[in-house]
There are 2 protein chains.
Amino acid sequence: MTTSQDADYPPMQGLTVAVVGVGLIGGSIAAALRRCGLAGRVLGVGRSQETLRQACALGLIDAACSLQEAALVADLIVLAVPVGAIPALLRAIRPVLHPHTLITDAGSTKADVARAACDLLGEHVAQFVPAHPIAGAEATGPQAADATLFEGRTVILTPLAQNSPDTRQRIAALWEATGARVVLMTPEAHDTVLACVSHLPHLLSAVFMAQVAAAHDADVRLRISGSGFRDFTRIAAGSPEMWRDIFLANRHAVLQELQGFKTVLAQAEQILQEGDAQVLHAFLEKPALARRLLGSRP
Amino acid sequence: MTTSQDADYPPMQGLTVAVVGVGLIGGSIAAALRRCGLAGRVLGVGRSQETLRQACALGLIDAACSLQEAALVADLIVLAVPVGAIPALLRAIRPVLHPHTLITDAGSTKADVARAACDLLGEHVAQFVPAHPIAGAEATGPQAADATLFEGRTVILTPLAQNSPDTRQRIAALWEATGARVVLMTPEAHDTVLACVSHLPHLLSAVFMAQVAAAHDADVRLRISGSGFRDFTRIAAGSPEMWRDIFLANRHAVLQELQGFKTVLAQAEQILQEGDAQVLHAFLEKPALARRLLGSRP
């Protein structure tokens, strides 16, 4: 026996897709889903009329509409907003949501999104499969949207216990249609791993950049900086709004990863203070090898 | 009245240039000086016969020879080796050096190099103008050498008190001939600024990468890592030998910059623990703005 949702899903092509938040990520999802034929009509929802107008002019969306209008007509809703904005969106769409509408998101943390879905979507919770595409770019806004942004990138799906296998498969197929490879995790595992590989590096890069910018001779320092400095600090330029939400949503995992970092940093400091060349070389060799191995991966 | 050195310098074209250490940096200097006509004949000196053979095959050098042979015939000697190897080279060339041979280096620290020059070069100290080209690439070895590596990059010259104006100008002209812009600093100012914009980021990137590589699920973490992670950790792949020497030569300045970083990191940790959205946003906004400004510089 299939659930009623399973029976009612339309075929995965020519769908009416509503993208909430038509920035870099939302715009790229719209472009990618349109290119592969999965999306027929694309509706855009957002706070800024100017952004929606740009997204229309760029052909990313066919029309702008309200969240409620989108929820009434969409086969698929993609929430591409900072994670702090997701609970209010779920609360707003619940009363108008059809039982056959699929929902996914692109939020950078997942335990909080899963909790919000369970708390706020009620009878519709099974329709929402949270996701996190590990992709981004320095640029922001719909102008930076790119139909190939997710090609070869990883999208982590963190299905809810309430999702049916068919719902999971449909959302997985949707993300795969953007060219991404899909990895399944629990929301908690996602948040721990992302605290390590994304949130902590951002914090460290921001702290370092704050230190440099506060120096009395910051301008001299920045003028001398080379490509290594630019690589190391690139992530610090990311949207303060988005990162504030990420850090608030995942601060326990980030604080825990930070403890681990501080332990290794204290070891490195002691090695520097003692100045033993062999010990210092051995310390530097491990990360150099690990990073070189990563560099050669596809 | 000019000094005897000033009178004896040959014109700055078709010079016999000896490059000690024909890796990425030495090979690129050789290629750049040959391309602009400043170098006529290029001799290569190094520990590895295989590297020298490759450098010959690539046309970076015309012939390999010993350090003493190079010192006897070269108009210009470029020391492109890890800073820890420079004192032994200076000691070895002093007895055979002609009074008209210019010397420069590409070492990443400068106070130690300046000290070594004063201690070890004796009557030849005025011929050596220490330099640091702020350029590099992920790849290493003569295969990665590139005549355009220094174009638009900064080269910091840290002249010695003993250098004549003419000697300074000749070494500045030499570096400018590679396409770089030359900036003058004292060795101490160089080391402080570089501890901030290069050595501390390397240490932090290496410490972070060591932490990730030591995690029980390191492989999962690395598989999930995105472009931000790759940017942030790119410098950690750098040569452990080269970085050991840099850290040993400049550890006091690095340890001092590290104290500054730890102070700001402790502020960030407290802000995360307290979880005030406005304070967190304000903290993240400053480095984001500073980094965005840097991104738009030429």
# chains A, B, ... in the order shown; residues from 1 in each chain; ligands from 1
>>> closest_atom_pairs(of="chain A", to="chain B", cutoff="6 Å", atoms="only C-alpha atoms", output="CSV")
residue,atom,partner,partner_atom,distance
A:Ile134,CA,B:Gly226,CA,5.8
A:Val193,CA,B:Arg221,CA,5.8
A:Val197,CA,B:Ser225,CA,5.7
A:Ala206,CA,B:Pro287,CA,5.6
A:Val207,CA,B:Leu265,CA,6.0
A:Met209,CA,B:Pro287,CA,5.2
A:Ala210,CA,B:Pro287,CA,4.8
A:Arg221,CA,B:Val193,CA,5.8
A:Ser225,CA,B:Val197,CA,5.6
A:Gly226,CA,B:Ile134,CA,5.8
A:Gly228,CA,B:Ile235,CA,5.9
A:Asp231,CA,B:Asp231,CA,4.9
A:Phe232,CA,B:Phe232,CA,4.2
A:Ile235,CA,B:Gly228,CA,5.9
A:Ala236,CA,B:Ala288,CA,5.3
A:Ala237,CA,B:Ala288,CA,4.0
A:Pro240,CA,B:Glu285,CA,5.4
A:Arg244,CA,B:His281,CA,5.6
A:Leu265,CA,B:Val207,CA,6.0
A:His281,CA,B:Arg244,CA,5.6
A:Leu284,CA,B:Pro240,CA,5.4
A:Glu285,CA,B:Pro240,CA,5.4
A:Pro287,CA,B:Ala210,CA,4.8
A:Ala288,CA,B:Ala237,CA,4.0
A:Arg291,CA,B:Ala237,CA,5.2
A:Arg292,CA,B:Ala237,CA,5.5
>>> residues_around(residues="Gln169 in chain B", least_positions_apart="5", cutoff="12 Å", atoms="only C-alpha atoms", output="ChimeraX atom specification")
/B:6,9,12,102,127,129,157,159,163-164,174-177,182,184
>>> write_last_selection(atoms="all heavy atoms", output="short mmCIF file (atom, residue, chain, number, x, y, z; two decimals), in the first residue's frame")
data_model
loop_
_atom_site.label_atom_id
_atom_site.label_comp_id
_atom_site.auth_asym_id
_atom_site.auth_seq_id
_atom_site.Cartn_x
_atom_site.Cartn_y
_atom_site.Cartn_z
N ASP B 6 80.54 50.36 -7.33
CA ASP B 6 79.65 51.05 -8.25
C ASP B 6 80.26 51.11 -9.65
O ASP B 6 79.59 50.87 -10.64
CB ASP B 6 79.39 52.48 -7.76
CG ASP B 6 78.46 52.48 -6.57
OD1 ASP B 6 78.15 51.38 -6.09
OD2 ASP B 6 78.05 53.57 -6.15
N TYR B 9 80.26 47.55 -11.78
CA TYR B 9 79.07 46.78 -12.17
C TYR B 9 78.91 46.78 -13.68
O TYR B 9 78.99 47.83 -14.33
CB TYR B 9 77.80 47.37 -11.55
CG TYR B 9 77.65 47.08 -10.08
CD1 TYR B 9 77.26 48.09 -9.21
CD2 TYR B 9 77.88 45.81 -9.57
CE1 TYR B 9 77.09 47.84 -7.86
CE2 TYR B 9 77.73 45.56 -8.20
CZ TYR B 9 77.34 46.58 -7.36
OH TYR B 9 77.19 46.34 -6.04
N MET B 12 73.07 46.29 -17.06
CA MET B 12 72.04 45.33 -16.63
C MET B 12 71.39 44.63 -17.83
O MET B 12 70.17 44.67 -18.00
CB MET B 12 70.99 46.06 -15.79
CG MET B 12 71.52 46.53 -14.45
SD MET B 12 71.82 45.18 -13.25
CE MET B 12 70.17 45.03 -12.53
N LEU B 102 76.63 40.96 -7.81
CA LEU B 102 75.47 41.32 -6.99
C LEU B 102 74.81 40.04 -6.46
O LEU B 102 74.82 39.01 -7.13
CB LEU B 102 74.44 42.09 -7.82
CG LEU B 102 74.84 43.50 -8.25
CD1 LEU B 102 73.81 44.05 -9.23
CD2 LEU B 102 74.94 44.41 -7.02
N GLN B 127 77.30 43.96 -1.26
CA GLN B 127 76.85 43.46 -2.57
C GLN B 127 75.51 42.71 -2.49
O GLN B 127 74.94 42.35 -3.50
CB GLN B 127 77.92 42.51 -3.15
CG GLN B 127 79.24 43.20 -3.44
CD GLN B 127 80.38 42.22 -3.58
OE1 GLN B 127 81.38 42.32 -2.86
NE2 GLN B 127 80.26 41.28 -4.48
N VAL B 129 71.61 42.51 -1.48
CA VAL B 129 70.36 43.20 -1.14
C VAL B 129 69.28 42.14 -0.95
O VAL B 129 68.76 41.59 -1.92
CB VAL B 129 69.93 44.20 -2.23
CG1 VAL B 129 68.70 44.98 -1.77
CG2 VAL B 129 71.07 45.16 -2.57
N LEU B 157 61.97 44.62 -0.83
CA LEU B 157 63.42 44.72 -0.67
C LEU B 157 63.70 45.22 0.74
O LEU B 157 63.06 46.17 1.20
CB LEU B 157 64.02 45.72 -1.65
CG LEU B 157 64.22 45.36 -3.11
CD1 LEU B 157 65.24 46.31 -3.74
CD2 LEU B 157 64.66 43.93 -3.30
N PRO B 159 66.95 46.50 2.08
CA PRO B 159 68.37 46.80 1.88
C PRO B 159 69.13 46.83 3.21
O PRO B 159 68.56 47.12 4.26
CB PRO B 159 68.35 48.19 1.24
CG PRO B 159 66.97 48.36 0.71
CD PRO B 159 66.08 47.60 1.62
N ASN B 163 74.60 48.67 1.77
CA ASN B 163 74.34 48.74 0.32
C ASN B 163 74.46 50.18 -0.17
O ASN B 163 73.89 51.10 0.43
CB ASN B 163 72.93 48.25 -0.03
CG ASN B 163 72.64 46.81 0.32
OD1 ASN B 163 71.55 46.49 0.76
ND2 ASN B 163 73.61 45.92 0.14
N SER B 164 75.15 50.38 -1.28
CA SER B 164 75.19 51.71 -1.89
C SER B 164 73.87 51.97 -2.60
O SER B 164 73.16 51.03 -2.95
CB SER B 164 76.34 51.79 -2.89
OG SER B 164 75.99 51.04 -4.06
N LEU B 174 66.33 44.87 -11.17
CA LEU B 174 66.30 43.44 -11.48
C LEU B 174 64.93 42.83 -11.15
O LEU B 174 64.33 42.12 -11.96
CB LEU B 174 67.41 42.78 -10.67
CG LEU B 174 67.24 41.34 -10.24
CD1 LEU B 174 67.62 40.45 -11.39
CD2 LEU B 174 68.10 41.05 -9.01
N TRP B 175 64.42 43.12 -9.98
CA TRP B 175 63.12 42.57 -9.59
C TRP B 175 61.99 43.20 -10.41
O TRP B 175 61.04 42.52 -10.79
CB TRP B 175 62.88 42.75 -8.09
CG TRP B 175 63.62 41.73 -7.26
CD1 TRP B 175 64.72 41.96 -6.48
CD2 TRP B 175 63.35 40.34 -7.16
NE1 TRP B 175 65.14 40.78 -5.90
CE2 TRP B 175 64.32 39.77 -6.29
CE3 TRP B 175 62.37 39.49 -7.71
CZ2 TRP B 175 64.34 38.42 -5.96
CZ3 TRP B 175 62.39 38.15 -7.39
CH2 TRP B 175 63.37 37.61 -6.53
N GLU B 176 62.13 44.50 -10.69
CA GLU B 176 61.10 45.15 -11.52
C GLU B 176 61.08 44.54 -12.93
O GLU B 176 60.03 44.48 -13.57
CB GLU B 176 61.34 46.66 -11.59
CG GLU B 176 60.81 47.36 -10.34
CD GLU B 176 61.33 48.78 -10.17
OE1 GLU B 176 62.17 49.20 -10.98
OE2 GLU B 176 60.89 49.45 -9.22
N ALA B 177 62.25 44.08 -13.38
CA ALA B 177 62.32 43.47 -14.72
C ALA B 177 61.50 42.18 -14.79
O ALA B 177 61.11 41.73 -15.88
CB ALA B 177 63.77 43.20 -15.09
N VAL B 182 58.19 46.90 -6.58
CA VAL B 182 59.14 46.78 -5.48
C VAL B 182 58.75 47.71 -4.34
O VAL B 182 58.42 48.87 -4.57
CB VAL B 182 60.57 47.08 -5.97
CG1 VAL B 182 61.52 47.29 -4.80
CG2 VAL B 182 61.06 45.93 -6.86
N LEU B 184 60.04 48.94 -0.39
CA LEU B 184 61.18 48.91 0.54
C LEU B 184 60.70 48.85 1.98
O LEU B 184 59.75 49.54 2.35
CB LEU B 184 62.05 50.17 0.36
CG LEU B 184 62.73 50.35 -1.00
CD1 LEU B 184 63.51 51.67 -1.02
CD2 LEU B 184 63.66 49.18 -1.29
#
>>> select_by_dssp(residues="range 40-194 of chain A", states="alpha helix (DSSP H)", output="number ranges by chain")
A: 49-57, 67-73, 86-93, 111-120, 165-176, 187-194
>>> write_last_selection(atoms="N, CA and C atoms", output="short mmCIF file (atom, residue, chain, number, x, y, z; two decimals), in the first residue's frame")
data_model
loop_
_atom_site.label_atom_id
_atom_site.label_comp_id
_atom_site.auth_asym_id
_atom_site.auth_seq_id
_atom_site.Cartn_x
_atom_site.Cartn_y
_atom_site.Cartn_z
N GLN A 49 11.58 43.48 -3.89
CA GLN A 49 10.97 43.57 -5.22
C GLN A 49 12.03 43.72 -6.30
N GLU A 50 13.13 44.41 -5.95
CA GLU A 50 14.19 44.65 -6.91
C GLU A 50 14.87 43.33 -7.30
N THR A 51 15.13 42.49 -6.30
CA THR A 51 15.74 41.18 -6.57
C THR A 51 14.82 40.34 -7.44
N LEU A 52 13.53 40.35 -7.14
CA LEU A 52 12.57 39.56 -7.92
C LEU A 52 12.50 40.08 -9.36
N ARG A 53 12.56 41.40 -9.51
CA ARG A 53 12.53 41.99 -10.84
C ARG A 53 13.76 41.55 -11.63
N GLN A 54 14.92 41.58 -10.97
CA GLN A 54 16.16 41.13 -11.62
C GLN A 54 16.06 39.66 -12.02
N ALA A 55 15.54 38.84 -11.10
CA ALA A 55 15.43 37.40 -11.37
C ALA A 55 14.52 37.14 -12.57
N CYS A 56 13.46 37.95 -12.69
CA CYS A 56 12.56 37.86 -13.87
C CYS A 56 13.32 38.27 -15.13
N ALA A 57 14.01 39.40 -15.05
CA ALA A 57 14.73 39.92 -16.22
C ALA A 57 15.79 38.94 -16.68
N LEU A 67 4.18 34.22 -0.92
CA LEU A 67 4.43 32.87 -0.42
C LEU A 67 3.15 32.03 -0.46
N GLN A 68 2.02 32.65 -0.09
CA GLN A 68 0.76 31.91 -0.05
C GLN A 68 0.33 31.52 -1.46
N GLU A 69 0.47 32.44 -2.41
CA GLU A 69 0.13 32.11 -3.81
C GLU A 69 1.00 30.96 -4.30
N ALA A 70 2.31 31.02 -3.98
CA ALA A 70 3.23 29.97 -4.40
C ALA A 70 2.82 28.63 -3.82
N ALA A 71 2.49 28.63 -2.53
CA ALA A 71 2.14 27.38 -1.86
C ALA A 71 0.87 26.77 -2.45
N LEU A 72 -0.01 27.61 -2.96
CA LEU A 72 -1.28 27.12 -3.53
C LEU A 72 -1.07 26.40 -4.86
N VAL A 73 -0.08 26.82 -5.64
CA VAL A 73 0.04 26.28 -7.00
C VAL A 73 1.28 25.42 -7.24
N ILE A 86 13.70 30.20 8.03
CA ILE A 86 12.91 29.03 7.62
C ILE A 86 11.69 28.78 8.51
N PRO A 87 11.80 28.86 9.86
CA PRO A 87 10.62 28.58 10.69
C PRO A 87 9.41 29.45 10.31
N ALA A 88 9.62 30.74 10.10
CA ALA A 88 8.50 31.63 9.76
C ALA A 88 7.87 31.22 8.43
N LEU A 89 8.68 30.76 7.49
CA LEU A 89 8.15 30.34 6.19
C LEU A 89 7.30 29.07 6.36
N LEU A 90 7.78 28.12 7.15
CA LEU A 90 7.03 26.87 7.36
C LEU A 90 5.68 27.16 8.02
N ARG A 91 5.73 28.05 8.99
CA ARG A 91 4.50 28.43 9.71
C ARG A 91 3.50 29.07 8.73
N ALA A 92 4.02 29.87 7.82
CA ALA A 92 3.14 30.60 6.90
C ALA A 92 2.55 29.70 5.83
N ILE A 93 3.29 28.69 5.38
CA ILE A 93 2.75 27.89 4.27
C ILE A 93 1.84 26.74 4.75
N ALA A 111 19.79 20.30 11.92
CA ALA A 111 19.05 19.86 13.11
C ALA A 111 17.95 20.87 13.44
N ASP A 112 18.27 22.16 13.33
CA ASP A 112 17.27 23.20 13.63
C ASP A 112 16.15 23.18 12.59
N VAL A 113 16.49 22.94 11.34
CA VAL A 113 15.48 22.90 10.28
C VAL A 113 14.57 21.68 10.48
N ALA A 114 15.17 20.54 10.82
CA ALA A 114 14.37 19.33 11.07
C ALA A 114 13.42 19.56 12.25
N ARG A 115 13.93 20.19 13.30
CA ARG A 115 13.08 20.49 14.47
C ARG A 115 11.94 21.41 14.08
N ALA A 116 12.26 22.46 13.32
CA ALA A 116 11.23 23.41 12.90
C ALA A 116 10.17 22.70 12.06
N ALA A 117 10.60 21.80 11.16
CA ALA A 117 9.64 21.08 10.31
C ALA A 117 8.70 20.26 11.18
N CYS A 118 9.25 19.53 12.14
CA CYS A 118 8.42 18.67 13.00
C CYS A 118 7.48 19.51 13.86
N ASP A 119 7.97 20.65 14.33
CA ASP A 119 7.16 21.49 15.22
C ASP A 119 6.08 22.25 14.46
N LEU A 120 6.36 22.64 13.20
CA LEU A 120 5.52 23.66 12.56
C LEU A 120 4.73 23.17 11.36
N PRO A 165 9.69 6.61 1.51
CA PRO A 165 10.79 6.33 0.57
C PRO A 165 10.59 7.06 -0.76
N ASP A 166 9.35 7.12 -1.25
CA ASP A 166 9.10 7.77 -2.52
C ASP A 166 9.41 9.27 -2.44
N THR A 167 9.02 9.90 -1.36
CA THR A 167 9.31 11.33 -1.19
C THR A 167 10.81 11.57 -1.16
N ARG A 168 11.53 10.75 -0.39
CA ARG A 168 12.99 10.88 -0.34
C ARG A 168 13.59 10.74 -1.74
N GLN A 169 13.10 9.74 -2.45
CA GLN A 169 13.67 9.49 -3.79
C GLN A 169 13.39 10.65 -4.73
N ARG A 170 12.21 11.22 -4.63
CA ARG A 170 11.88 12.34 -5.52
C ARG A 170 12.76 13.55 -5.23
N ILE A 171 12.96 13.84 -3.95
CA ILE A 171 13.81 14.99 -3.62
C ILE A 171 15.27 14.70 -3.98
N ALA A 172 15.69 13.45 -3.79
CA ALA A 172 17.06 13.08 -4.21
C ALA A 172 17.20 13.26 -5.72
N ALA A 173 16.18 12.80 -6.47
CA ALA A 173 16.23 12.91 -7.94
C ALA A 173 16.26 14.37 -8.37
N LEU A 174 15.53 15.19 -7.65
CA LEU A 174 15.50 16.63 -7.94
C LEU A 174 16.89 17.24 -7.79
N TRP A 175 17.58 16.92 -6.71
CA TRP A 175 18.93 17.48 -6.51
C TRP A 175 19.92 16.88 -7.50
N GLU A 176 19.74 15.58 -7.78
CA GLU A 176 20.64 14.95 -8.77
C GLU A 176 20.44 15.59 -10.15
N PRO A 187 20.42 14.70 10.54
CA PRO A 187 20.65 16.15 10.74
C PRO A 187 21.80 16.43 11.71
N GLU A 188 21.92 15.58 12.74
CA GLU A 188 22.96 15.81 13.75
C GLU A 188 24.36 15.55 13.17
N ALA A 189 24.48 14.46 12.40
CA ALA A 189 25.79 14.17 11.78
C ALA A 189 26.15 15.29 10.82
N HIS A 190 25.16 15.75 10.05
CA HIS A 190 25.40 16.88 9.13
C HIS A 190 25.97 18.07 9.89
N ASP A 191 25.33 18.42 11.00
CA ASP A 191 25.73 19.64 11.70
C ASP A 191 27.12 19.51 12.32
N THR A 192 27.47 18.32 12.79
CA THR A 192 28.81 18.11 13.35
C THR A 192 29.86 18.21 12.25
N VAL A 193 29.63 17.54 11.13
CA VAL A 193 30.60 17.55 10.04
C VAL A 193 30.72 18.96 9.46
N LEU A 194 29.59 19.65 9.31
CA LEU A 194 29.65 21.01 8.74
C LEU A 194 30.28 22.00 9.72
#
>>> atom_distance(atom1="CA of Thr16 in chain A", atom2="CA of Thr186 in chain A")
28.8 Å
>>> residues_around(residues="Ala147 in chain A", least_positions_apart="3", cutoff="12 Å", atoms="only C-alpha atoms", output="number ranges by chain")
A: 24-36, 59-60, 142-144, 150-151, 177-180
>>> residues_around(residues="Val81 in chain A", least_positions_apart="4", cutoff="8 Å", atoms="only C-alpha atoms", output="PyMOL selection string")
chain A and resi 20-21+26+85-86+106-107
>>> atom_distance(atom1="CA of Pro82 in chain B", atom2="CA of Asp146 in chain B")
19.0 Å
>>> select_by_dssp(residues="range 13-238 of chain A", states="strand (DSSP E)", output="ChimeraX atom specification")
/A:15-20,39-45,63-64,76-79,102-105,128-129,131-134,154-157,181-184
>>> atom_distance(atom1="CA of Cys65 in chain B", atom2="CA of Gly23 in chain B")
15.6 Å
>>> residues_around(residues="Ala18 in chain B", least_positions_apart="6", cutoff="6 Å", atoms="only C-alpha atoms", output="PyMOL selection string")
chain B and resi 42-44+70+74+77
>>> write_last_selection(atoms="all heavy atoms", output="compact mmCIF listing (two decimals), in the first residue's frame")
# COMPACT_ATOMS: atom_id res chain seq x y z
N VAL B 42 72.40 31.55 -17.91
CA VAL B 42 71.85 31.23 -16.59
C VAL B 42 72.45 29.91 -16.11
O VAL B 42 72.34 28.87 -16.79
CB VAL B 42 70.31 31.13 -16.60
CG1 VAL B 42 69.80 30.82 -15.20
CG2 VAL B 42 69.68 32.42 -17.11
N LEU B 43 73.07 29.96 -14.94
CA LEU B 43 73.63 28.76 -14.33
C LEU B 43 72.74 28.32 -13.17
O LEU B 43 72.20 29.16 -12.45
CB LEU B 43 75.04 29.06 -13.79
CG LEU B 43 76.03 29.54 -14.85
CD1 LEU B 43 77.31 30.03 -14.18
CD2 LEU B 43 76.32 28.43 -15.85
N GLY B 44 72.61 27.02 -13.02
CA GLY B 44 71.80 26.50 -11.93
C GLY B 44 72.66 25.77 -10.92
O GLY B 44 73.56 25.02 -11.29
N ALA B 70 79.82 28.89 -9.76
CA ALA B 70 78.85 29.95 -10.02
C ALA B 70 79.36 31.29 -9.48
O ALA B 70 79.30 32.32 -10.16
CB ALA B 70 77.50 29.60 -9.40
N ALA B 74 79.57 34.48 -11.98
CA ALA B 74 78.27 35.15 -12.08
C ALA B 74 78.37 36.66 -11.86
O ALA B 74 79.14 37.13 -11.02
CB ALA B 74 77.30 34.55 -11.07
N ILE B 77 73.95 36.64 -8.36
CA ILE B 77 73.60 35.37 -7.73
C ILE B 77 72.25 35.55 -7.04
O ILE B 77 72.05 36.50 -6.27
CB ILE B 77 74.65 34.94 -6.67
CG1 ILE B 77 76.02 34.74 -7.35
CG2 ILE B 77 74.21 33.66 -5.96
CD1 ILE B 77 77.15 34.45 -6.36
